[in-house]
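Data from start23.cif: mmCIF, C-alpha atoms, pLDDT in the B column; chains and numbers go by the auth columns
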data_my_file
#
loop_
_atom_site.group_PDB
_atom_site.id
_atom_site.type_symbol
_atom_site.label_atom_id
_atom_site.label_comp_id
_atom_site.label_asym_id
_atom_site.label_seq_id
_atom_site.Cartn_x
_atom_site.Cartn_y
_atom_site.Cartn_z
_atom_site.B_iso_or_equiv
_atom_site.auth_seq_id
_atom_site.auth_asym_id
ATOM 1 C CA MET A 1 69.763 75.619 150.359 68.00 1 A
ATOM 2 C CA GLU A 2 70.810 73.633 147.296 75.00 2 A
ATOM 3 C CA PRO A 3 74.302 73.976 145.883 78.00 3 A
ATOM 4 C CA LEU A 4 74.647 75.554 142.453 74.00 4 A
ATOM 5 C CA ASP A 5 74.502 73.170 139.519 75.00 5 A
ATOM 6 C CA TRP A 6 77.588 74.444 137.693 74.00 6 A
ATOM 7 C CA VAL A 7 77.466 71.766 134.994 73.00 7 A
ATOM 8 C CA GLY A 8 73.813 72.502 134.278 71.00 8 A
ATOM 9 C CA MET A 9 74.454 76.238 134.158 65.00 9 A
ATOM 10 C CA PHE A 10 77.364 75.713 131.752 66.00 10 A
ATOM 11 C CA LYS A 11 75.208 73.552 129.472 64.00 11 A
ATOM 12 C CA ARG A 12 72.382 76.084 129.625 63.00 12 A
ATOM 13 C CA TYR A 13 74.418 79.183 128.773 61.00 13 A
ATOM 14 C CA VAL A 14 77.569 78.001 126.998 62.00 14 A
ATOM 15 C CA GLY A 15 76.924 74.457 125.852 59.00 15 A
ATOM 16 C CA ASN A 16 73.470 75.132 124.412 60.00 16 A
ATOM 17 C CA ASP A 17 73.670 73.993 120.781 60.00 17 A
ATOM 18 C CA LEU A 18 70.719 76.167 119.797 64.00 18 A
ATOM 19 C CA MET A 19 71.719 79.493 121.310 63.00 19 A
ATOM 20 C CA THR A 20 75.518 79.134 121.439 60.00 20 A
ATOM 21 C CA PRO A 21 76.448 76.620 118.747 71.00 21 A
ATOM 22 C CA TYR A 22 80.220 77.059 119.056 71.00 22 A
ATOM 23 C CA PHE A 23 80.830 73.303 119.058 73.00 23 A
ATOM 24 C CA VAL A 24 78.513 72.474 116.142 82.00 24 A
ATOM 25 C CA ALA A 25 80.224 71.817 112.816 84.00 25 A
ATOM 26 C CA VAL A 26 79.637 74.525 110.216 88.00 26 A
ATOM 27 C CA ASP A 27 77.953 72.120 107.787 88.00 27 A
ATOM 28 C CA ARG A 28 75.447 71.104 110.496 87.00 28 A
ATOM 29 C CA LEU A 29 74.438 74.638 111.531 88.00 29 A
ATOM 30 C CA SER A 30 70.986 76.032 110.883 88.00 30 A
ATOM 31 C CA ARG A 31 70.523 79.678 109.953 90.00 31 A
ATOM 32 C CA SER A 32 69.184 80.556 113.387 87.00 32 A
ATOM 33 C CA GLN A 33 72.250 78.990 115.030 88.00 33 A
ATOM 34 C CA ALA A 34 74.538 80.842 112.616 90.00 34 A
ATOM 35 C CA ASN A 35 72.693 84.096 113.289 91.00 35 A
ATOM 36 C CA ASN A 36 73.209 83.692 117.042 88.00 36 A
ATOM 37 C CA GLU A 37 76.907 82.950 116.677 90.00 37 A
ATOM 38 C CA LEU A 38 77.535 85.697 114.121 93.00 38 A
ATOM 39 C CA PHE A 39 75.690 88.272 116.223 93.00 39 A
ATOM 40 C CA ALA A 40 77.800 87.518 119.308 91.00 40 A
ATOM 41 C CA TYR A 41 81.010 87.650 117.242 94.00 41 A
ATOM 42 C CA ALA A 42 80.080 90.890 115.477 95.00 42 A
ATOM 43 C CA LEU A 43 79.029 92.551 118.730 95.00 43 A
ATOM 44 C CA PHE A 44 82.350 91.592 120.338 95.00 44 A
ATOM 45 C CA MET A 45 84.339 92.829 117.334 96.00 45 A
ATOM 46 C CA ALA A 46 82.422 96.101 116.951 97.00 46 A
ATOM 47 C CA VAL A 47 82.691 97.029 120.627 97.00 47 A
ATOM 48 C CA LEU A 48 86.331 95.958 120.953 95.00 48 A
ATOM 49 C CA PHE A 49 87.628 97.622 117.800 96.00 49 A
ATOM 50 C CA GLY A 50 85.406 100.689 118.125 96.00 50 A
ATOM 51 C CA SER A 51 86.900 101.224 121.585 94.00 51 A
ATOM 52 C CA LEU A 52 90.421 100.462 120.350 92.00 52 A
ATOM 53 C CA GLY A 53 89.971 102.953 117.518 92.00 53 A
ATOM 54 C CA ILE A 54 89.142 105.706 119.984 92.00 54 A
ATOM 55 C CA VAL A 55 91.909 104.762 122.422 89.00 55 A
ATOM 56 C CA ALA A 56 94.457 104.459 119.599 88.00 56 A
ATOM 57 C CA LEU A 57 94.022 108.153 118.833 89.00 57 A
ATOM 58 C CA SER A 58 96.127 108.900 121.935 83.00 58 A
ATOM 59 C CA PRO A 59 99.736 109.817 121.115 81.00 59 A
ATOM 60 C CA ASP A 60 100.859 108.297 124.449 79.00 60 A
ATOM 61 C CA LEU A 61 100.627 104.715 123.162 75.00 61 A
ATOM 62 C CA PRO A 62 103.637 102.865 121.688 73.00 62 A
ATOM 63 C CA HIS A 63 102.557 103.627 118.116 74.00 63 A
ATOM 64 C CA GLY A 64 102.588 107.352 118.844 74.00 64 A
ATOM 65 C CA ASP A 65 100.327 109.324 116.578 76.00 65 A
ATOM 66 C CA ALA A 66 100.220 106.765 113.742 81.00 66 A
ATOM 67 C CA LEU A 67 96.750 107.283 112.310 86.00 67 A
ATOM 68 C CA GLY A 68 96.784 103.897 110.554 88.00 68 A
ATOM 69 C CA VAL A 69 96.162 102.013 113.800 90.00 69 A
ATOM 70 C CA SER A 70 92.946 103.936 114.492 91.00 70 A
ATOM 71 C CA LEU A 71 91.809 103.728 110.879 94.00 71 A
ATOM 72 C CA TYR A 72 92.282 99.951 110.842 95.00 72 A
ATOM 73 C CA ALA A 73 90.414 99.574 114.136 95.00 73 A
ATOM 74 C CA PHE A 74 87.492 101.629 112.800 96.00 74 A
ATOM 75 C CA LEU A 75 87.555 99.610 109.558 97.00 75 A
ATOM 76 C CA VAL A 76 87.208 96.359 111.516 97.00 76 A
ATOM 77 C CA ALA A 77 84.445 97.811 113.722 97.00 77 A
ATOM 78 C CA GLY A 78 82.539 99.011 110.654 97.00 78 A
ATOM 79 C CA ALA A 79 83.013 95.679 108.906 97.00 79 A
ATOM 80 C CA ALA A 80 81.631 93.891 111.975 97.00 80 A
ATOM 81 C CA VAL A 81 78.505 96.058 111.953 97.00 81 A
ATOM 82 C CA PHE A 82 78.029 95.524 108.217 97.00 82 A
ATOM 83 C CA PHE A 83 78.722 91.807 108.586 96.00 83 A
ATOM 84 C CA VAL A 84 76.025 91.184 111.174 93.00 84 A
ATOM 85 C CA TYR A 85 73.407 92.467 108.736 93.00 85 A
ATOM 86 C CA SER A 86 74.768 91.221 105.420 94.00 86 A
ATOM 87 C CA LYS A 87 76.369 87.872 106.353 94.00 87 A
ATOM 88 C CA GLN A 88 78.727 88.404 103.396 95.00 88 A
ATOM 89 C CA PRO A 89 82.215 86.851 103.261 95.00 89 A
ATOM 90 C CA ALA A 90 84.017 90.154 102.484 96.00 90 A
ATOM 91 C CA PRO A 91 83.311 91.876 105.828 97.00 91 A
ATOM 92 C CA ALA A 92 83.909 88.515 107.539 96.00 92 A
ATOM 93 C CA ALA A 93 87.373 88.434 105.944 96.00 93 A
ATOM 94 C CA ILE A 94 88.101 91.940 107.223 97.00 94 A
ATOM 95 C CA CYS A 95 87.077 90.832 110.722 96.00 95 A
ATOM 96 C CA ALA A 96 89.136 87.647 110.356 96.00 96 A
ATOM 97 C CA SER A 97 92.199 89.762 109.585 96.00 97 A
ATOM 98 C CA ALA A 98 91.991 91.467 113.001 96.00 98 A
ATOM 99 C CA PRO A 99 94.055 88.860 114.882 96.00 99 A
ATOM 100 C CA LEU A 100 96.733 89.160 112.199 96.00 100 A
ATOM 101 C CA GLY A 101 96.620 92.918 112.700 94.00 101 A
ATOM 102 C CA VAL A 102 97.150 92.432 116.430 94.00 102 A
ATOM 103 C CA LEU A 103 100.136 90.154 115.788 94.00 103 A
ATOM 104 C CA ILE A 104 101.606 92.722 113.390 93.00 104 A
ATOM 105 C CA TYR A 105 101.056 95.410 116.024 90.00 105 A
ATOM 106 C CA PHE A 106 102.939 93.289 118.560 90.00 106 A
ATOM 107 C CA ALA A 107 105.781 92.807 116.067 91.00 107 A
ATOM 108 C CA LEU A 108 106.034 96.500 115.165 88.00 108 A
ATOM 109 C CA TYR A 109 105.353 98.217 118.476 85.00 109 A
ATOM 110 C CA GLY A 110 105.955 95.479 121.050 83.00 110 A
ATOM 111 C CA PHE A 111 104.027 94.569 124.151 84.00 111 A
ATOM 112 C CA HIS A 112 103.256 96.593 127.245 80.00 112 A
ATOM 113 C CA PRO A 113 106.556 97.475 128.962 79.00 113 A
ATOM 114 C CA ASN A 114 105.506 95.766 132.213 84.00 114 A
ATOM 115 C CA ALA A 115 104.529 92.489 130.487 84.00 115 A
ATOM 116 C CA GLY A 116 106.710 89.554 131.441 91.00 116 A
ATOM 117 C CA LEU A 117 107.559 86.643 129.199 92.00 117 A
ATOM 118 C CA GLY A 118 104.602 84.599 130.459 92.00 118 A
ATOM 119 C CA ASP A 119 102.222 87.486 129.758 91.00 119 A
ATOM 120 C CA LYS A 120 103.562 87.879 126.231 90.00 120 A
ATOM 121 C CA VAL A 121 103.238 84.160 125.519 94.00 121 A
ATOM 122 C CA LEU A 122 99.682 84.141 126.888 94.00 122 A
ATOM 123 C CA GLN A 123 98.723 87.120 124.727 93.00 123 A
ATOM 124 C CA VAL A 124 100.107 85.475 121.600 95.00 124 A
ATOM 125 C CA ILE A 125 98.302 82.194 122.396 96.00 125 A
ATOM 126 C CA ILE A 126 94.997 84.046 122.892 95.00 126 A
ATOM 127 C CA VAL A 127 95.429 85.888 119.587 96.00 127 A
ATOM 128 C CA LEU A 128 96.262 82.625 117.779 96.00 128 A
ATOM 129 C CA LEU A 129 93.120 80.977 119.210 95.00 129 A
ATOM 130 C CA TRP A 130 91.147 84.031 118.140 95.00 130 A
ATOM 131 C CA LEU A 131 92.640 83.683 114.644 96.00 131 A
ATOM 132 C CA ARG A 132 91.529 80.049 114.527 95.00 132 A
ATOM 133 C CA TYR A 133 88.013 81.010 115.579 95.00 133 A
ATOM 134 C CA SER A 134 87.928 83.804 112.987 95.00 134 A
ATOM 135 C CA TRP A 135 88.430 81.207 110.260 94.00 135 A
ATOM 136 C CA ARG A 136 85.318 79.427 111.562 94.00 136 A
ATOM 137 C CA ILE A 137 83.379 82.685 111.236 95.00 137 A
ATOM 138 C CA LEU A 138 84.651 83.083 107.685 95.00 138 A
ATOM 139 C CA ARG A 139 83.535 79.535 106.859 95.00 139 A
ATOM 140 C CA ILE A 140 80.083 80.262 108.318 95.00 140 A
ATOM 141 C CA ALA A 141 79.807 83.389 106.159 95.00 141 A
ATOM 142 C CA GLN A 142 80.742 81.398 103.058 95.00 142 A
ATOM 143 C CA ALA A 143 78.241 78.637 103.879 94.00 143 A
ATOM 144 C CA TYR A 144 75.457 80.964 105.072 93.00 144 A
ATOM 145 C CA PRO A 145 73.429 80.989 101.820 92.00 145 A
ATOM 146 C CA THR A 146 73.224 77.187 101.852 92.00 146 A
ATOM 147 C CA LEU A 147 72.438 76.712 105.559 89.00 147 A
ATOM 148 C CA ARG A 148 69.095 75.125 106.313 85.00 148 A
ATOM 149 C CA ASN A 149 66.407 77.490 107.516 83.00 149 A
ATOM 150 C CA VAL A 150 64.975 75.700 110.546 70.00 150 A
ATOM 151 C CA ASN A 151 63.045 77.579 113.186 60.00 151 A
ATOM 152 C CA PRO A 152 64.027 76.651 116.729 54.00 152 A
ATOM 153 C CA PRO A 153 61.379 75.155 118.977 52.00 153 A
ATOM 154 C CA VAL A 154 59.822 77.684 121.322 50.00 154 A
ATOM 155 C CA SER A 155 59.920 76.660 124.940 50.00 155 A
ATOM 156 C CA GLY A 156 57.391 78.257 127.186 45.00 156 A
ATOM 157 C CA PRO A 157 56.333 78.087 130.810 49.00 157 A
#
Take the structure in the file and write it out as structure tokens.
Amino acid sequence: MEPLDWVGMFKRYVGNDLMTPYFVAVDRLSRSQANNELFAYALFMAVLFGSLGIVALSPDLPHGDALGVSLYAFLVAGAAVFFVYSKQPAPAAICASAPLGVLIYFALYGFHPNAGLGDKVLQVIIVLLWLRYSWRILRIAQAYPTLRNVNPPVSGP
């Protein structure tokens, strides 16, 4: 039995410049690469914020029965769905504001009561990295009309 080729699997599923072009500069992306990246981002945002919108309706959370939290979550989820089809900068900007919304939520309502200092720092770092990545998505949306339209090579058996 051969051992797993972890490096090869990483390159195949994460480091593949055609299917997951996360490390390709925006000005070097093709439309098919941008479509793949934008679809994954929009799917993540729609599922996450759609779920958060439903969960945020509970009055047991730190924000109580503040309807604004749910409305904002549904706005981001709707913008993500619209964005994946339109590739317009406006819904991308709404999605890019989500990490800022999370930071504002942390500032207004705090963290989970059982979260230690390390957990809070980790959460803030993750949200800041997410904010940085959201700016990449916004740049892709702005550059989308000028991206080259190259069809990827089809690999077969």
Expand the PyMOL selection byres ((chain A and resi 75) around 12) into the individual residues it matches in the shown file, reporting them as a ChimeraX atom specification. /A:45-46,49-50,52-53,68-74,76-83,91-95,97-98,101
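Put simply, the PyMOL selection byres ((chain A and resi 27) around 9) in this file takes in Val24, Ala25, Val26, Arg28, Leu29, Ser30, Ile140, Ala143 and Leu147 of chain A.
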Excluding A:Phe106 and residues on its chain fewer than 2 positions from it, collect all residues at most 12 Å away from it, counting only C-alpha atoms, and give them as a ChimeraX atom specification. /A:62-63,99-104,108-113,120-121,123-124,127
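Distance-wise, atom CA of A:Ser134 and atom CA of A:Tyr41 end up 9.0 Å apart.
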Each side padded by 4 Å, which centre and which edge lengths in Å (one decimal) define the axis-aligned box around the listed atoms of stretch 92-96 of chain A? Give them as AutoDock Vina command-line options.
--center_x 86.5 --center_y 89.8 --center_z 108.3 --size_x 13.2 --size_y 12.3 --size_z 12.8
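One finds atom CA of A:Leu129 at 11.8 Å from atom CA of A:Ala96.
Atom CA of A:Leu122 is found 22.6 Å from atom CA of A:Ile137.
The residues that lie within 12 Å of the point (73.2, 85.9, 115.7), counting only C-alpha atoms, are A:Leu18, A:Met19, A:Thr20, A:Pro21, A:Tyr22, A:Ser30, A:Arg31, A:Ser32, A:Gln33, A:Ala34, A:Asn35, A:Asn36, A:Glu37, A:Leu38, A:Phe39, A:Ala40, A:Tyr41, A:Ala42, A:Leu43, A:Phe44, A:Phe83, A:Val84, A:Tyr85, A:Ser86, A:Lys87, A:Ile137, A:Ile140, A:Ala141, A:Tyr144.
Minimum atom-to-atom distances from A:Ala66, A:Ala90, A:Leu117, A:Ala107 to A:Arg139 were compared using all atoms listed in the file, and the lowest value belongs to A:Ala90.
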